[in-house]
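Q: Below: one structure in structure tokens.
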Amino acid sequence: MTIEYATAYRQASRIPAEPGVPYFVEKGEGDRAHLFGDLVTVYAGGEQTENMFNFFTVEGPKGDLIPAHVHADTYEVFYVTAGAVRLFVEDTEGRQQERLLTPGDFGFVPRNCPHAYRMERHHSRVVGVAAGPGGTFERFFETLGAPADALGLPREPVVPSPEKFATVPHRYDVRFLPDHRWTTG
């Protein structure tokens, strides 16, 4: 049984809007959104953690590189639970590296480090945690993408318009780097 809550972001949410309330969410029943070819499920966000951290999963098919981006105040964790994900990271000195992560592998991206990723196998899944002094960015997924009521990947990729991309840095700690080039691999 899933209890539904209304939030500032959704008419119905599966996670409570206020902090400090214990709750349980069944597999896949968090707040879902489609972005690009992926399904993003938020299990805990800023509302529940007083903007201390968020916890989400990203599932998707083998696909294209997610655009390079940077978080000025947010540290991000990538923990692969299914498939394979290639993580691209550039440190603050400009040194780039990439790594193929498979189930059980972990990647850490400090704030101010450009990064991107690509699902390398169908049915890949990443558990993400992000935290930082500026708050959390999980509502970025449904704002840039499209809220999803049903389980499963989008039938067609959800690709935001350039105008929608432009609104993101003002509301969330996500700045896209459209001219960024990866020289690794």
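Identifiers in this document derive from the order of the structure tokens: chains are assigned A, B, ..., residues are numbered from 1 separately in each chain, and ligands are numbered from 1 in order of occurrence.
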Find the spatial neighbours of region 170-182 of chain A, counting only C-alpha atoms, within a cut-off of 6 Å - ignore same-chain residues fewer than 4 positions away - and output them as an MDAnalysis selection string.

A: chainID A and resid 68:71 137

Q: Those selected residues, please, written with all heavy atoms and delivered as an mmCIF file, in the first residue's frame.

A:
data_model
loop_
_atom_site.group_PDB
_atom_site.id
_atom_site.type_symbol
_atom_site.label_atom_id
_atom_site.label_comp_id
_atom_site.auth_asym_id
_atom_site.auth_seq_id
_atom_site.Cartn_x
_atom_site.Cartn_y
_atom_site.Cartn_z
ATOM 1 N N ALA A 68 27.443 17.065 -20.269
ATOM 2 C CA ALA A 68 28.390 17.494 -19.239
ATOM 3 C C ALA A 68 27.752 18.612 -18.421
ATOM 4 O O ALA A 68 27.079 19.495 -18.954
ATOM 5 C CB ALA A 68 29.681 17.980 -19.879
ATOM 6 N N HIS A 69 27.972 18.539 -17.120
ATOM 7 C CA HIS A 69 27.424 19.547 -16.219
ATOM 8 C C HIS A 69 28.277 19.615 -14.963
ATOM 9 O O HIS A 69 29.152 18.780 -14.739
ATOM 10 C CB HIS A 69 25.958 19.247 -15.881
ATOM 11 C CG HIS A 69 25.738 17.923 -15.218
ATOM 12 N ND1 HIS A 69 25.719 16.729 -15.914
ATOM 13 C CD2 HIS A 69 25.549 17.603 -13.923
ATOM 14 C CE1 HIS A 69 25.518 15.728 -15.079
ATOM 15 N NE2 HIS A 69 25.412 16.227 -13.858
ATOM 16 N N VAL A 70 28.017 20.608 -14.141
ATOM 17 C CA VAL A 70 28.777 20.819 -12.914
ATOM 18 C C VAL A 70 27.824 21.315 -11.838
ATOM 19 O O VAL A 70 26.817 21.959 -12.133
ATOM 20 C CB VAL A 70 29.942 21.819 -13.160
ATOM 21 C CG1 VAL A 70 29.430 23.215 -13.470
ATOM 22 C CG2 VAL A 70 30.918 21.833 -12.004
ATOM 23 N N HIS A 71 28.155 20.977 -10.590
ATOM 24 C CA HIS A 71 27.402 21.458 -9.426
ATOM 25 C C HIS A 71 28.361 22.290 -8.574
ATOM 26 O O HIS A 71 29.370 21.765 -8.086
ATOM 27 C CB HIS A 71 26.872 20.287 -8.588
ATOM 28 C CG HIS A 71 26.144 19.253 -9.363
ATOM 29 N ND1 HIS A 71 24.892 19.465 -9.885
ATOM 30 C CD2 HIS A 71 26.493 17.993 -9.716
ATOM 31 C CE1 HIS A 71 24.502 18.368 -10.513
ATOM 32 N NE2 HIS A 71 25.449 17.463 -10.434
ATOM 33 N N PHE A 137 19.153 18.930 -5.436
ATOM 34 C CA PHE A 137 18.720 19.277 -6.788
ATOM 35 C C PHE A 137 17.762 18.271 -7.404
ATOM 36 O O PHE A 137 17.475 18.352 -8.593
ATOM 37 C CB PHE A 137 19.940 19.449 -7.712
ATOM 38 C CG PHE A 137 20.727 18.189 -7.951
ATOM 39 C CD1 PHE A 137 20.280 17.221 -8.843
ATOM 40 C CD2 PHE A 137 21.913 17.975 -7.293
ATOM 41 C CE1 PHE A 137 21.004 16.066 -9.064
ATOM 42 C CE2 PHE A 137 22.646 16.828 -7.512
ATOM 43 C CZ PHE A 137 22.185 15.864 -8.397
#

Q: If DSSP is run on the backbone, what residues of chain A are strand (DSSP E)? A reply as number ranges by chain would be ideal.

A: A: 31-35, 38-44, 53-60, 69-70, 75-82, 85-90, 96-101, 106-109, 115-119, 124-131, 146-148, 175-176

Q: Would you mind listing what lies within 10 Å of Phe108 (chain A) as an MDAnalysis selection string, with only C-alpha atoms counted and same-chain residues fewer than 2 positions away left out?

A: chainID A and resid 75:79 87 89 106 110:111 128:130

Q: Please save all heavy atoms of the selected residues as a compact mmCIF listing (two decimals), in the first residue's frame.

A:
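To be explicit, this is the file written out as out37.txt:
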# COMPACT_ATOMS: atom_id res chain seq x y z
N TYR A 75 28.04 17.67 -3.85
CA TYR A 75 28.84 16.47 -4.01
C TYR A 75 27.90 15.36 -4.47
O TYR A 75 26.79 15.24 -3.94
CB TYR A 75 29.49 16.07 -2.69
CG TYR A 75 30.42 17.14 -2.15
CD1 TYR A 75 29.92 18.22 -1.43
CD2 TYR A 75 31.77 17.06 -2.38
CE1 TYR A 75 30.76 19.21 -0.95
CE2 TYR A 75 32.63 18.05 -1.89
CZ TYR A 75 32.11 19.12 -1.18
OH TYR A 75 32.95 20.09 -0.71
N GLU A 76 28.34 14.54 -5.42
CA GLU A 76 27.44 13.53 -5.98
C GLU A 76 28.09 12.15 -5.97
O GLU A 76 29.28 12.01 -6.26
CB GLU A 76 27.04 13.92 -7.40
CG GLU A 76 25.91 13.11 -7.95
CD GLU A 76 25.34 13.68 -9.24
OE1 GLU A 76 25.87 14.68 -9.75
OE2 GLU A 76 24.36 13.10 -9.74
N VAL A 77 27.28 11.15 -5.64
CA VAL A 77 27.71 9.76 -5.57
C VAL A 77 27.01 8.98 -6.67
O VAL A 77 25.82 9.18 -6.93
CB VAL A 77 27.33 9.16 -4.19
CG1 VAL A 77 27.43 7.66 -4.20
CG2 VAL A 77 28.19 9.77 -3.11
N PHE A 78 27.76 8.10 -7.32
CA PHE A 78 27.22 7.17 -8.31
C PHE A 78 27.54 5.75 -7.83
O PHE A 78 28.72 5.39 -7.72
CB PHE A 78 27.89 7.38 -9.67
CG PHE A 78 27.54 8.68 -10.33
CD1 PHE A 78 28.13 9.87 -9.91
CD2 PHE A 78 26.62 8.72 -11.37
CE1 PHE A 78 27.81 11.07 -10.53
CE2 PHE A 78 26.31 9.92 -11.99
CZ PHE A 78 26.90 11.09 -11.56
N TYR A 79 26.53 4.95 -7.55
CA TYR A 79 26.71 3.56 -7.14
C TYR A 79 25.89 2.70 -8.09
O TYR A 79 24.67 2.81 -8.14
CB TYR A 79 26.26 3.36 -5.69
CG TYR A 79 26.46 1.95 -5.20
CD1 TYR A 79 27.72 1.51 -4.82
CD2 TYR A 79 25.40 1.07 -5.12
CE1 TYR A 79 27.92 0.22 -4.37
CE2 TYR A 79 25.59 -0.23 -4.68
CZ TYR A 79 26.85 -0.65 -4.30
OH TYR A 79 27.05 -1.93 -3.86
N LEU A 87 31.38 6.67 -16.27
CA LEU A 87 31.38 7.97 -15.61
C LEU A 87 32.59 8.76 -16.10
O LEU A 87 33.72 8.27 -16.08
CB LEU A 87 31.43 7.80 -14.09
CG LEU A 87 31.43 9.05 -13.23
CD1 LEU A 87 30.18 9.90 -13.47
CD2 LEU A 87 31.53 8.66 -11.76
N VAL A 89 34.70 12.35 -15.54
CA VAL A 89 34.89 13.38 -14.50
C VAL A 89 36.13 14.19 -14.85
O VAL A 89 37.12 13.65 -15.34
CB VAL A 89 35.09 12.74 -13.11
CG1 VAL A 89 35.28 13.81 -12.05
CG2 VAL A 89 33.93 11.86 -12.73
N PHE A 106 31.58 2.17 -7.35
CA PHE A 106 31.22 3.45 -6.76
C PHE A 106 32.03 4.55 -7.42
O PHE A 106 33.22 4.39 -7.68
CB PHE A 106 31.55 3.37 -5.26
CG PHE A 106 31.39 4.64 -4.49
CD1 PHE A 106 30.19 4.94 -3.86
CD2 PHE A 106 32.45 5.54 -4.36
CE1 PHE A 106 30.06 6.10 -3.11
CE2 PHE A 106 32.31 6.70 -3.62
CZ PHE A 106 31.11 6.97 -2.99
N PRO A 110 33.25 15.38 -6.59
CA PRO A 110 33.21 16.55 -5.72
C PRO A 110 32.54 17.74 -6.42
O PRO A 110 32.43 17.77 -7.65
CB PRO A 110 34.68 16.85 -5.46
CG PRO A 110 35.43 15.63 -5.85
CD PRO A 110 34.62 14.98 -6.92
N ARG A 111 32.15 18.70 -5.64
CA ARG A 111 31.58 19.92 -6.22
C ARG A 111 32.61 20.56 -7.15
O ARG A 111 33.82 20.36 -7.00
CB ARG A 111 31.13 20.88 -5.12
CG ARG A 111 32.25 21.44 -4.32
CD ARG A 111 31.71 22.31 -3.21
NE ARG A 111 32.84 22.86 -2.46
CZ ARG A 111 32.74 23.88 -1.66
NH1 ARG A 111 31.58 24.46 -1.48
NH2 ARG A 111 33.79 24.31 -1.02
N GLY A 128 21.93 7.22 -6.81
CA GLY A 128 22.58 8.51 -6.64
C GLY A 128 22.26 9.12 -5.29
O GLY A 128 21.15 8.99 -4.79
N VAL A 129 23.26 9.76 -4.73
CA VAL A 129 23.09 10.56 -3.52
C VAL A 129 23.81 11.86 -3.79
O VAL A 129 24.92 11.86 -4.31
CB VAL A 129 23.70 9.86 -2.28
CG1 VAL A 129 23.60 10.77 -1.05
CG2 VAL A 129 23.02 8.53 -2.02
N ALA A 130 23.19 12.95 -3.46
CA ALA A 130 23.81 14.26 -3.64
C ALA A 130 23.59 15.07 -2.38
O ALA A 130 22.52 15.00 -1.77
CB ALA A 130 23.22 14.98 -4.85

Q: Show me, as a ChimeraX atom specification, the residues that have an atom within 9 Å of Gln48 (chain A) when counting only C-alpha atoms, minus same-chain residues fewer than 2 positions from it.

A: /A:15-21,44-46,50-54

Q: What's the separation between CA of Glu93 (chain A) and CA of Phe141 (chain A), in Å to one decimal place?

A: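 Computing the Euclidean distance for CA of Glu93 (chain A) and CA of Phe141 (chain A) yields 28.6 Å.
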
Q: Excluding same-chain residues fewer than 4 positions from Thr81 (chain A), what lies within 9 Å of it counting only C-alpha atoms, as a PyMOL selection string?

A: chain A and resi 102-105+124-127

Q: Which residues, written as a PyMOL selection string, have at least one atom at most 9 Å from Gln97 (chain A), with only C-alpha atoms counted and residues fewer than 2 positions away on the same chain left out?

A: chain A and resi 87-91+95+99+182-185

Q: Leaving out Val58 (chain A) and any residue of its chain fewer than 3 positions from it, which residues lie within 12 Å of it when counting only C-alpha atoms, given as a VMD selection string?

A: chain A and resid 28 30 to 43 55 61 66 78 to 83 85 117 to 119 123 to 129 138 141 152 to 153

Q: Work out how far apart CA of Phe56 (chain A) and CA of Ala166 (chain A) are and give it in Å to one decimal.

A: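 Interatomic distance, CA of Phe56 (chain A) to CA of Ala166 (chain A): 23.3 Å.
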